$ cat run.cif   # mmCIF, C-alpha atoms and all ligand atoms
data_start
loop_
_atom_site.group_PDB
_atom_site.id
_atom_site.type_symbol
_atom_site.label_atom_id
_atom_site.label_comp_id
_atom_site.auth_asym_id
_atom_site.auth_seq_id
_atom_site.Cartn_x
_atom_site.Cartn_y
_atom_site.Cartn_z
ATOM 1 C CA LYS T 1 78.061 71.848 119.205
ATOM 2 C CA LYS T 2 78.015 75.633 119.629
ATOM 3 C CA ILE T 3 76.391 77.675 116.890
ATOM 4 C CA TYR T 4 77.601 81.116 115.810
ATOM 5 C CA GLY T 5 76.604 83.228 112.847
ATOM 6 C CA VAL T 6 76.309 86.532 111.050
ATOM 7 C CA ILE T 7 73.099 88.432 110.366
ATOM 8 C CA GLY T 8 72.626 90.952 107.567
ATOM 9 C CA ASP T 9 70.619 91.967 104.538
ATOM 10 C CA PRO T 10 72.056 91.031 102.055
ATOM 11 C CA ILE T 11 74.285 88.312 103.520
ATOM 12 C CA ALA T 12 75.190 85.928 100.682
ATOM 13 C CA HIS T 13 78.573 87.543 99.970
ATOM 14 C CA SER T 14 79.851 87.620 103.550
ATOM 15 C CA ILE T 15 83.310 86.101 103.871
ATOM 16 C CA SER T 16 82.977 85.753 107.660
ATOM 17 C CA PRO T 17 81.672 82.122 107.518
ATOM 18 C CA ALA T 18 84.776 80.986 105.614
ATOM 19 C CA ILE T 19 87.120 82.734 108.063
ATOM 20 C CA GLN T 20 85.390 81.770 111.314
ATOM 21 C CA ASN T 21 84.682 78.152 110.347
ATOM 22 C CA ASP T 22 88.329 77.694 109.413
ATOM 23 C CA ALA T 23 89.433 79.203 112.736
ATOM 24 C CA PHE T 24 87.056 76.931 114.708
ATOM 25 C CA ALA T 25 88.335 73.867 112.825
ATOM 26 C CA HIS T 26 91.962 74.949 113.235
ATOM 27 C CA GLN T 27 91.482 75.280 117.021
ATOM 28 C CA GLU T 28 89.615 71.926 117.045
ATOM 29 C CA LEU T 29 86.528 73.553 118.557
ATOM 30 C CA ASP T 30 83.158 71.897 118.022
ATOM 31 C CA CYS T 31 81.514 75.041 116.647
ATOM 32 C CA ILE T 32 79.894 76.184 113.410
ATOM 33 C CA TYR T 33 79.274 79.660 111.960
ATOM 34 C CA HIS T 34 76.356 80.228 109.624
ATOM 35 C CA PRO T 35 75.110 83.242 107.583
ATOM 36 C CA PHE T 36 71.501 84.250 108.354
ATOM 37 C CA HIS T 37 69.539 86.526 106.031
ATOM 38 C CA ILE T 38 67.562 88.786 108.368
ATOM 39 C CA THR T 39 65.517 91.696 107.001
ATOM 40 C CA PRO T 40 65.009 94.867 109.101
ATOM 41 C CA GLU T 41 61.374 94.026 109.957
ATOM 42 C CA ASN T 42 62.476 90.652 111.353
ATOM 43 C CA LEU T 43 65.426 91.888 113.417
ATOM 44 C CA ASN T 44 63.709 91.909 116.820
ATOM 45 C CA ASP T 45 62.178 88.435 116.335
ATOM 46 C CA ALA T 46 65.500 87.145 115.011
ATOM 47 C CA VAL T 47 67.432 88.248 118.117
ATOM 48 C CA LYS T 48 64.793 86.711 120.401
ATOM 49 C CA GLY T 49 64.819 83.522 118.346
ATOM 50 C CA MET T 50 68.590 83.237 118.367
ATOM 51 C CA LYS T 51 68.601 83.576 122.134
ATOM 52 C CA ALA T 52 65.819 80.999 122.515
ATOM 53 C CA ILE T 53 67.623 78.390 120.436
ATOM 54 C CA GLY T 54 70.961 79.093 122.096
ATOM 55 C CA ILE T 55 73.086 80.805 119.425
ATOM 56 C CA ALA T 56 76.342 81.436 121.316
ATOM 57 C CA GLY T 57 77.373 84.573 119.459
ATOM 58 C CA PHE T 58 77.006 86.376 116.174
ATOM 59 C CA ASN T 59 78.246 89.177 113.980
ATOM 60 C CA ILE T 60 76.047 91.933 112.661
ATOM 61 C CA THR T 61 76.497 93.539 109.293
ATOM 62 C CA ILE T 62 74.687 96.091 107.146
ATOM 63 C CA PRO T 63 71.986 97.337 107.770
ATOM 64 C CA HIS T 64 71.606 96.266 111.429
ATOM 65 C CA LYS T 65 74.702 97.582 113.262
ATOM 66 C CA THR T 66 72.845 100.488 114.891
ATOM 67 C CA THR T 67 69.255 99.231 115.006
ATOM 68 C CA ILE T 68 70.200 96.069 116.924
ATOM 69 C CA ILE T 69 71.247 97.997 120.054
ATOM 70 C CA PRO T 70 67.792 98.211 121.729
ATOM 71 C CA TYR T 71 67.396 94.419 121.390
ATOM 72 C CA LEU T 72 70.572 93.562 123.297
ATOM 73 C CA ASP T 73 70.856 93.081 127.068
ATOM 74 C CA GLU T 74 74.104 95.056 127.439
ATOM 75 C CA VAL T 75 76.407 97.034 125.203
ATOM 76 C CA ASP T 76 80.111 97.615 125.794
ATOM 77 C CA GLU T 77 80.922 101.272 126.569
ATOM 78 C CA LEU T 78 82.849 102.122 123.378
ATOM 79 C CA ALA T 79 80.244 100.417 121.157
ATOM 80 C CA ALA T 80 77.461 102.286 122.963
ATOM 81 C CA THR T 81 79.222 105.635 122.522
ATOM 82 C CA ILE T 82 79.826 104.947 118.824
ATOM 83 C CA GLY T 83 76.251 103.716 118.526
ATOM 84 C CA ALA T 84 77.105 100.604 116.510
ATOM 85 C CA VAL T 85 77.597 96.929 117.343
ATOM 86 C CA ASN T 86 79.073 94.291 115.033
ATOM 87 C CA THR T 87 79.688 91.425 117.504
ATOM 88 C CA VAL T 88 77.381 89.869 120.088
ATOM 89 C CA SER T 89 78.390 87.335 122.704
ATOM 90 C CA TYR T 90 76.136 85.233 124.956
ATOM 91 C CA GLN T 91 77.390 85.491 128.550
ATOM 92 C CA ASP T 92 75.472 84.477 131.705
ATOM 93 C CA GLY T 93 72.087 84.576 130.022
ATOM 94 C CA LYS T 94 72.725 87.925 128.356
ATOM 95 C CA TYR T 95 73.481 89.052 124.814
ATOM 96 C CA ILE T 96 76.308 91.593 125.089
ATOM 97 C CA GLY T 97 77.263 93.835 122.149
ATOM 98 C CA TYR T 98 80.767 94.958 121.115
ATOM 99 C CA ASN T 99 82.260 96.919 118.241
ATOM 100 C CA THR T 100 85.235 94.923 116.980
ATOM 101 C CA ASP T 101 85.262 96.998 113.748
ATOM 102 C CA ALA T 102 86.465 99.916 115.848
ATOM 103 C CA MET T 103 88.722 97.809 118.093
ATOM 104 C CA GLY T 104 90.138 95.997 115.035
ATOM 105 C CA PHE T 105 90.902 99.219 113.231
ATOM 106 C CA TYR T 106 92.729 100.561 116.270
ATOM 107 C CA LYS T 107 94.773 97.371 116.642
ATOM 108 C CA ALA T 108 95.678 97.380 112.925
ATOM 109 C CA LEU T 109 96.803 101.023 113.026
ATOM 110 C CA SER T 110 98.612 100.910 116.367
ATOM 111 C CA ASP T 111 100.534 97.821 115.197
ATOM 112 C CA GLN T 112 102.039 99.981 112.425
ATOM 113 C CA ILE T 113 102.513 103.303 114.215
ATOM 114 C CA SER T 114 104.205 103.845 117.531
ATOM 115 C CA ASN T 115 103.192 106.823 119.686
ATOM 116 C CA LEU T 116 99.852 107.061 117.912
ATOM 117 C CA THR T 117 98.515 109.378 120.619
ATOM 118 C CA GLU T 118 101.076 112.044 119.668
ATOM 119 C CA LYS T 119 100.318 112.024 115.933
ATOM 120 C CA LYS T 120 98.433 114.612 113.941
ATOM 121 C CA ILE T 121 95.706 112.728 112.135
ATOM 122 C CA LEU T 122 93.293 113.524 109.296
ATOM 123 C CA VAL T 123 90.166 111.435 108.760
ATOM 124 C CA ILE T 124 88.575 111.648 105.293
ATOM 125 C CA GLY T 125 84.819 111.064 105.441
ATOM 126 C CA ALA T 126 82.142 111.518 108.084
ATOM 127 C CA GLY T 127 79.879 108.460 107.709
ATOM 128 C CA GLY T 128 79.438 105.429 109.957
ATOM 129 C CA ALA T 129 82.960 104.081 109.429
ATOM 130 C CA ALA T 130 84.529 107.496 110.117
ATOM 131 C CA ARG T 131 82.498 107.795 113.309
ATOM 132 C CA ALA T 132 83.745 104.449 114.652
ATOM 133 C CA ILE T 133 87.356 105.307 113.796
ATOM 134 C CA TYR T 134 87.268 108.908 115.076
ATOM 135 C CA PHE T 135 85.640 107.948 118.400
ATOM 136 C CA THR T 136 88.044 105.047 118.888
ATOM 137 C CA LEU T 137 91.153 107.167 118.286
ATOM 138 C CA LEU T 138 89.956 109.779 120.768
ATOM 139 C CA SER T 139 88.892 107.182 123.333
ATOM 140 C CA HIS T 140 92.500 105.902 123.307
ATOM 141 C CA GLY T 141 93.877 109.385 123.980
ATOM 142 C CA THR T 142 94.774 110.652 120.491
ATOM 143 C CA VAL T 143 93.463 114.225 120.574
ATOM 144 C CA SER T 144 94.689 115.849 117.367
ATOM 145 C CA VAL T 145 92.280 114.419 114.799
ATOM 146 C CA ASP T 146 90.758 116.636 112.071
ATOM 147 C CA ILE T 147 87.913 115.533 109.829
ATOM 148 C CA THR T 148 87.400 116.456 106.194
ATOM 149 C CA ASN T 149 84.253 115.574 104.280
ATOM 150 C CA ARG T 150 82.526 116.399 101.004
ATOM 151 C CA THR T 151 79.593 117.632 103.136
ATOM 152 C CA LEU T 152 81.238 119.865 105.752
ATOM 153 C CA GLU T 153 78.211 119.895 108.095
ATOM 154 C CA LYS T 154 78.552 116.152 108.659
ATOM 155 C CA ALA T 155 82.171 116.555 109.769
ATOM 156 C CA GLU T 156 81.132 119.359 112.147
ATOM 157 C CA ALA T 157 78.310 117.224 113.569
ATOM 158 C CA LEU T 158 80.641 114.272 114.130
ATOM 159 C CA ILE T 159 83.109 116.408 116.096
ATOM 160 C CA ALA T 160 80.323 118.001 118.165
ATOM 161 C CA ASP T 161 78.878 114.570 118.931
ATOM 162 C CA CYS T 162 82.108 113.017 120.218
ATOM 163 C CA PRO T 163 82.308 113.029 124.032
ATOM 164 C CA PHE T 164 86.093 112.520 124.335
ATOM 165 C CA GLU T 165 88.816 115.161 124.768
ATOM 166 C CA LYS T 166 89.778 116.529 121.355
ATOM 167 C CA GLN T 167 91.590 119.164 119.327
ATOM 168 C CA SER T 168 89.645 118.736 116.113
ATOM 169 C CA ALA T 169 88.720 120.924 113.165
ATOM 170 C CA ALA T 170 86.182 120.205 110.450
ATOM 171 C CA LEU T 171 87.634 121.008 107.031
ATOM 172 C CA THR T 172 86.309 121.163 103.497
ATOM 173 C CA LEU T 173 88.073 118.802 101.083
ATOM 174 C CA VAL T 174 89.837 121.792 99.484
ATOM 175 C CA GLN T 175 91.055 123.102 102.884
ATOM 176 C CA ALA T 176 92.378 119.669 103.852
ATOM 177 C CA GLU T 177 94.075 119.172 100.481
ATOM 178 C CA GLU T 178 95.883 122.511 100.958
ATOM 179 C CA LYS T 179 97.313 121.640 104.390
ATOM 180 C CA LEU T 180 97.810 117.910 103.861
ATOM 181 C CA ALA T 181 101.570 118.130 104.544
ATOM 182 C CA GLU T 182 100.839 118.942 108.205
ATOM 183 C CA TYR T 183 99.439 115.468 108.955
ATOM 184 C CA ASP T 184 101.395 112.411 110.125
ATOM 185 C CA VAL T 185 98.550 109.978 109.490
ATOM 186 C CA ILE T 186 95.733 110.140 106.929
ATOM 187 C CA ILE T 187 92.798 107.724 107.215
ATOM 188 C CA GLN T 188 90.477 107.298 104.228
ATOM 189 C CA THR T 189 87.016 106.059 105.265
ATOM 190 C CA THR T 190 84.758 106.928 102.297
ATOM 191 C CA SER T 191 83.513 104.511 99.678
ATOM 192 C CA ALA T 192 85.173 106.515 96.888
ATOM 193 C CA GLY T 193 87.735 104.190 95.301
ATOM 194 C CA MET T 194 85.900 101.003 96.196
ATOM 195 C CA SER T 195 85.203 98.492 93.417
ATOM 196 C CA PRO T 196 83.511 99.014 90.913
ATOM 197 C CA HIS T 197 84.511 102.701 91.236
ATOM 198 C CA GLN T 198 88.202 102.058 91.695
ATOM 199 C CA ASP T 199 89.199 104.995 89.490
ATOM 200 C CA ALA T 200 87.606 107.472 91.907
ATOM 201 C CA MET T 201 89.765 109.551 94.230
ATOM 202 C CA PRO T 202 87.937 111.088 97.185
ATOM 203 C CA PHE T 203 90.684 113.598 97.601
ATOM 204 C CA SER T 204 93.851 115.033 96.009
ATOM 205 C CA ILE T 205 97.085 114.089 97.785
ATOM 206 C CA ARG T 206 99.393 116.363 95.814
ATOM 207 C CA ASN T 207 100.628 117.954 99.072
ATOM 208 C CA LEU T 208 101.251 114.680 100.928
ATOM 209 C CA SER T 209 104.544 114.678 102.804
ATOM 210 C CA GLU T 210 107.000 111.843 102.238
ATOM 211 C CA GLY T 211 107.160 110.478 105.772
ATOM 212 C CA SER T 212 103.416 110.267 106.312
ATOM 213 C CA PHE T 213 101.293 107.158 106.808
ATOM 214 C CA VAL T 214 98.144 106.593 104.741
ATOM 215 C CA SER T 215 95.497 104.074 105.741
ATOM 216 C CA ASP T 216 92.539 103.244 103.485
ATOM 217 C CA ILE T 217 89.791 101.094 105.000
ATOM 218 C CA ILE T 218 88.856 99.758 101.539
ATOM 219 C CA TYR T 219 90.003 96.159 100.872
ATOM 220 C CA ASN T 220 88.440 95.686 97.446
ATOM 221 C CA PRO T 221 90.573 96.573 95.540
ATOM 222 C CA LEU T 222 93.456 95.734 97.882
ATOM 223 C CA GLU T 223 95.325 98.782 96.579
ATOM 224 C CA THR T 224 93.134 101.820 95.932
ATOM 225 C CA LYS T 225 94.241 104.590 93.611
ATOM 226 C CA LEU T 226 94.810 106.707 96.728
ATOM 227 C CA LEU T 227 97.220 104.154 98.225
ATOM 228 C CA LYS T 228 99.042 103.694 94.920
ATOM 229 C CA GLU T 229 99.652 107.432 94.627
ATOM 230 C CA ALA T 230 100.599 107.722 98.309
ATOM 231 C CA LYS T 231 103.234 104.986 97.861
ATOM 232 C CA GLN T 232 104.637 106.774 94.817
ATOM 233 C CA LYS T 233 105.010 109.875 96.993
ATOM 234 C CA GLY T 234 107.052 107.908 99.528
ATOM 235 C CA ALA T 235 104.392 107.380 102.202
ATOM 236 C CA ASP T 236 103.869 104.156 104.142
ATOM 237 C CA VAL T 237 100.458 102.660 103.458
ATOM 238 C CA GLN T 238 97.954 100.196 104.869
ATOM 239 C CA ASN T 239 94.825 98.793 103.218
ATOM 240 C CA GLY T 240 91.588 97.613 104.851
ATOM 241 C CA LEU T 241 92.594 93.971 105.076
ATOM 242 C CA ASP T 242 94.254 94.243 108.499
ATOM 243 C CA MET T 243 91.171 95.894 109.977
ATOM 244 C CA LEU T 244 88.993 93.173 108.488
ATOM 245 C CA VAL T 245 91.263 90.473 109.915
ATOM 246 C CA TYR T 246 91.370 91.993 113.395
ATOM 247 C CA GLN T 247 87.614 92.612 113.642
ATOM 248 C CA ALA T 248 87.155 88.888 112.937
ATOM 249 C CA ALA T 249 90.002 87.855 115.255
ATOM 250 C CA LEU T 250 88.661 89.989 118.126
ATOM 251 C CA ALA T 251 85.151 88.538 117.698
ATOM 252 C CA PHE T 252 86.629 85.008 117.801
ATOM 253 C CA GLN T 253 88.554 85.962 120.919
ATOM 254 C CA ILE T 254 85.472 87.365 122.670
ATOM 255 C CA TRP T 255 83.557 84.143 121.922
ATOM 256 C CA THR T 256 86.224 81.556 122.704
ATOM 257 C CA GLY T 257 88.900 83.277 124.784
ATOM 258 C CA ILE T 258 91.422 82.056 122.202
ATOM 259 C CA THR T 259 93.543 84.309 119.983
ATOM 260 C CA PRO T 260 93.191 82.872 116.473
ATOM 261 C CA ASP T 261 95.913 82.592 113.825
ATOM 262 C CA THR T 262 95.544 85.947 112.046
ATOM 263 C CA THR T 263 97.919 84.969 109.217
ATOM 264 C CA ARG T 264 95.545 82.123 108.332
ATOM 265 C CA MET T 265 92.593 84.506 108.436
ATOM 266 C CA LYS T 266 94.390 86.954 106.175
ATOM 267 C CA ASN T 267 95.238 84.239 103.650
ATOM 268 C CA ILE T 268 91.610 83.104 103.448
ATOM 269 C CA MET T 269 90.491 86.692 102.932
ATOM 270 C CA ARG T 270 93.065 87.281 100.195
ATOM 271 C CA THR T 271 92.018 84.081 98.391
ATOM 272 C CA THR T 272 88.308 84.860 98.743
ATOM 273 C CA LEU T 273 88.768 88.435 97.547
ATOM 274 C CA GLY T 274 90.796 87.197 94.567
HETATM 275 P P1 LIG T 301 79.984 104.249 105.821
HETATM 276 O O1 LIG T 301 79.097 103.700 106.886
HETATM 277 O O2 LIG T 301 80.673 103.222 104.983
HETATM 278 O O3 LIG T 301 80.962 105.239 106.365
HETATM 279 P P2 LIG T 301 78.175 106.297 104.910
HETATM 280 O O4 LIG T 301 77.717 106.488 106.312
HETATM 281 O O5 LIG T 301 77.156 106.251 103.826
HETATM 282 O O6 LIG T 301 79.011 104.964 104.769
HETATM 283 O O7 LIG T 301 79.249 107.450 104.604
HETATM 284 C C1 LIG T 301 79.867 107.573 103.370
HETATM 285 C C2 LIG T 301 80.983 108.604 103.435
HETATM 286 O O8 LIG T 301 81.665 108.594 102.185
HETATM 287 C C3 LIG T 301 80.515 110.029 103.636
HETATM 288 O O9 LIG T 301 81.514 110.737 104.325
HETATM 289 C C4 LIG T 301 80.387 110.529 102.187
HETATM 290 O O10 LIG T 301 80.453 111.919 102.033
HETATM 291 P P3 LIG T 301 79.109 112.815 102.235
HETATM 292 O O11 LIG T 301 78.888 112.908 103.705
HETATM 293 O O12 LIG T 301 79.447 114.131 101.623
HETATM 294 O O13 LIG T 301 78.010 112.102 101.509
HETATM 295 C C5 LIG T 301 81.609 109.892 101.595
HETATM 296 N N1 LIG T 301 81.590 109.711 100.136
HETATM 297 C C6 LIG T 301 80.895 108.787 99.434
HETATM 298 N N2 LIG T 301 81.158 108.887 98.129
HETATM 299 C C7 LIG T 301 82.043 109.916 97.981
HETATM 300 C C8 LIG T 301 82.706 110.537 96.867
HETATM 301 N N3 LIG T 301 82.511 110.104 95.628
HETATM 302 N N4 LIG T 301 83.570 111.544 97.117
HETATM 303 C C9 LIG T 301 83.777 111.983 98.382
HETATM 304 N N5 LIG T 301 83.182 111.458 99.459
HETATM 305 C C10 LIG T 301 82.324 110.444 99.272
#
$ encode --input "run.cif" --output "structure tokens"
Amino acid sequence: KKIYGVIGDPIAHSISPAIQNDAFAHQELDCIYHPFHITPENLNDAVKGMKAIGIAGFNITIPHKTTIIPYLDEVDELAATIGAVNTVSYQDGKYIGYNTDAMGFYKALSDQISNLTEKKILVIGAGGAARAIYFTLLSHGTVSVDITNRTLEKAEALIADCPFEKQSAALTLVQAEEKLAEYDVIIQTTSAGMSPHQDAMPFSIRNLSEGSFVSDIIYNPLETKLLKEAKQKGADVQNGLDMLVYQAALAFQIWTGITPDTTRMKNIMRTTLG
């Protein structure tokens, strides 16, 4: 039997075990996926221990996505540039790190939008999630991506830090709200609007143009206030569920070489999230 898992602190509420164990069973693979509660001070020992006992792969969640990097044998180029890893695979005696959060987000968005590289995009937020998304868009050749954030300096730092070709401006929230109609795609990456603060709006979308596309990485609630208002204004919208599904599906694919049934994964997530 092959053993997989997820490490984090806290870990009890992770829905990954339900999704991955169902996918293993559905593919009739003799594998199990277990949640491991690993505190920051135990991270190094945990990675060594997992390798010693032959854990075949694992996911990494908060707060270890960045701090795990020095303990891995190799890190995929995009994950290394972003500076965060959420999936590790054991290959030829090595633990190799990937960022399927970033890859999953890109797959979810590019499934919905053709010619993504030609679009004018606005990212709201400049934290860890924004960094993964911004770097991934640029690494795929989308150059026109502006960033707006409550703290402008963080948006400026993110742009300066990104090594890919770009035509990016850092904007205050007020500046971005004013020129919102210019954007084809708006991506909301902040925690504002996430349960239990679902009445919060990170941003006013009064100037949103009708044909635009709004993506919110939040999946709890499934429809944030921002998405509800965007729909009322005639925009197409996407919540965080697709990204969550694809980060899990891509991890499964890296481990097994098999593309899992993403509809099944989505159904389990919907049921688990209520
Ligand atoms: P994550 O890794 O989920 O991106 P993070 O790194 O803590 O989390 O980043 C949180 C992001 O949400 C930041 O862009 C933060 O803005 P600041 O940089 O100004 O702190 C943004 N954010 C959080 N709460 C917010 C709120 N109520 N309104 C606007 N932005 C908010």
$ resolve_selection --input "run.cif" --expression "the PyMOL selection byres (((chain T and resi 35) around 8) and not hetatm)" --output "PyMOL selection string"
chain T and resi 5-7+11-12+14+17+33-34+36-37
$ residues_near_ligand --input "run.cif" --ligand "ligand LIG 301 (chain T)" --cutoff "6 Å" --atoms "all atoms listed in the file" --output "ChimeraX atom specification"
/T:125-130,149-151,154,190-192,202
$ closest_residue --input "run.cif" --among "T:Gly93, T:Gly240, T:Gly104, T:Pro70" --to "Ile217 (chain T)" --atoms "all atoms listed in the file"
T:Gly240
$ closest_residue --input "run.cif" --among "T:Lys166, T:Tyr246, T:Ile96, T:Gln91" --to "Asp261 (chain T)" --atoms "all atoms listed in the file"
T:Tyr246
$ resolve_selection --input "run.cif" --expression "the PyMOL selection byres (((chain T and resi 205) around 8) and not hetatm)" --output "VMD selection string"
chain T and resid 177 180 203 to 204 206 to 208 226 229 to 230
$ write_last_selection --input "run.cif" --atoms "C-alpha atoms" --output "JSON list (two decimals), in the coordinates of the input"
[["chain", "number", "residue", "atom", "x", "y", "z"],
["T", 177, "GLU", "CA", 94.08, 119.17, 100.48],
["T", 180, "LEU", "CA", 97.81, 117.91, 103.86],
["T", 203, "PHE", "CA", 90.68, 113.60, 97.60],
["T", 204, "SER", "CA", 93.85, 115.03, 96.01],
["T", 206, "ARG", "CA", 99.39, 116.36, 95.81],
["T", 207, "ASN", "CA", 100.63, 117.95, 99.07],
["T", 208, "LEU", "CA", 101.25, 114.68, 100.93],
["T", 226, "LEU", "CA", 94.81, 106.71, 96.73],
["T", 229, "GLU", "CA", 99.65, 107.43, 94.63],
["T", 230, "ALA", "CA", 100.60, 107.72, 98.31]]
$ axis_aligned_box --input "run.cif" --around "region 37-40 of chain T" --padding-each-side "4 Å" --output "JSON"
{"center_x": 67.3, "center_y": 90.7, "center_z": 107.6, "size_x": 12.5, "size_y": 16.3, "size_z": 11.1}
$ closest_residue --input "run.cif" --among "T:Leu109, T:Ala56, T:Ala132, T:Thr39" --to "Gly83 (chain T)" --atoms "all atoms listed in the file"
T:Ala132
$ residues_around --input "run.cif" --residues "Ala170 (chain T)" --least-positions-apart "4" --cutoff "10 Å" --atoms "all atoms listed in the file" --output "ChimeraX atom specification"
/T:122-123,126,145-149,152-160,175-176
$ atom_distance --input "run.cif" --atom1 "CA of Tyr90 (chain T)" --atom2 "CA of Thr259 (chain T)"
18.1 Å
$ atom_distance --input "run.cif" --atom1 "CA of Gly193 (chain T)" --atom2 "CA of Ser110 (chain T)"
23.9 Å
$ resolve_selection --input "run.cif" --expression "the PyMOL selection byres (((chain T and resi 140) around 12) and not hetatm)" --output "MDAnalysis selection string"
chainID T and resid 78 102:103 106:107 110 115:118 133:139 141:144 164:166
$ closest_residue --input "run.cif" --among "T:Glu41, T:Lys94, T:Ile19, T:Tyr4" --to "Thr263 (chain T)" --atoms "only C-alpha atoms"
T:Ile19
$ residues_near_point --input "run.cif" --point "(87.9, 94.8, 106.5)" --cutoff "9 Å" --atoms "only C-alpha atoms" --output "list in words"
Asp101, Gly104, Phe105, Ile217, Ile218, Tyr219, Asn239, Gly240, Leu241, Asp242, Met243, Leu244, Val245, Tyr246, Gln247 and Ala248 of chain T
$ closest_residue --input "run.cif" --among "T:Gln20, T:Asn42, T:Asn86, T:Thr189" --to "Val214 (chain T)" --atoms "all atoms listed in the file"
T:Thr189
$ atom_distance --input "run.cif" --atom1 "CA of Ile53 (chain T)" --atom2 "CA of Glu77 (chain T)"
27.2 Å
$ closest_residue --input "run.cif" --among "T:Leu171, T:Thr256, T:Tyr95, T:Ile32" --to "Ala52 (chain T)" --atoms "only C-alpha atoms"
T:Tyr95
$ decode --input "run.cif" --residues "region 112-166 of chain T" --atoms "C-alpha atoms" --output "compact mmCIF listing (two decimals), in the first residue's frame"
# COMPACT_ATOMS: atom_id res chain seq x y z
CA GLN T 112 -13.17 29.73 -18.84
CA ILE T 113 -11.33 32.40 -20.84
CA SER T 114 -9.84 32.00 -24.27
CA ASN T 115 -6.88 34.18 -25.29
CA LEU T 116 -6.00 34.81 -21.66
CA THR T 117 -2.60 36.18 -22.66
CA GLU T 118 -4.26 39.09 -24.48
CA LYS T 119 -6.51 40.14 -21.59
CA LYS T 120 -6.13 43.13 -19.32
CA ILE T 121 -6.20 41.76 -15.81
CA LEU T 122 -6.55 43.27 -12.33
CA VAL T 123 -5.47 41.32 -9.25
CA ILE T 124 -6.95 42.48 -5.92
CA GLY T 125 -4.61 41.75 -3.02
CA ALA T 126 -0.86 41.31 -2.65
CA GLY T 127 -0.46 38.41 -0.18
CA GLY T 128 0.71 34.84 -0.74
CA ALA T 129 -2.25 33.84 -2.92
CA ALA T 130 -1.89 36.95 -5.10
CA ARG T 131 1.81 36.23 -5.54
CA ALA T 132 1.17 32.69 -6.79
CA ILE T 133 -1.53 33.89 -9.19
CA TYR T 134 0.36 36.95 -10.49
CA PHE T 135 3.59 35.00 -11.12
CA THR T 136 1.70 32.17 -12.81
CA LEU T 137 -0.19 34.48 -15.18
CA LEU T 138 3.04 36.21 -16.20
CA SER T 139 4.94 32.94 -16.54
CA HIS T 140 2.32 31.85 -19.11
CA GLY T 141 2.80 35.03 -21.14
CA THR T 142 0.00 37.30 -19.89
CA VAL T 143 1.78 40.64 -19.50
CA SER T 144 -0.94 43.17 -18.74
CA VAL T 145 -1.65 42.47 -15.07
CA ASP T 146 -2.13 45.34 -12.57
CA ILE T 147 -2.24 44.84 -8.82
CA THR T 148 -4.35 46.77 -6.33
CA ASN T 149 -3.98 46.37 -2.59
CA ARG T 150 -5.07 48.06 0.63
CA THR T 151 -1.35 48.51 1.39
CA LEU T 152 0.08 49.93 -1.85
CA GLU T 153 3.72 49.16 -0.95
CA LYS T 154 2.99 45.44 -0.97
CA ALA T 155 1.61 45.63 -4.51
CA GLU T 156 4.70 47.57 -5.62
CA ALA T 157 7.00 45.01 -3.97
CA LEU T 158 5.20 42.11 -5.64
CA ILE T 159 5.61 43.66 -9.10
CA ALA T 160 9.29 44.48 -8.47
CA ASP T 161 9.91 40.92 -7.28
CA CYS T 162 8.42 39.18 -10.32
CA PRO T 163 11.09 38.08 -12.82
CA PHE T 164 8.78 37.64 -15.85
CA GLU T 165 8.03 40.13 -18.64
CA LYS T 166 5.26 42.48 -17.50
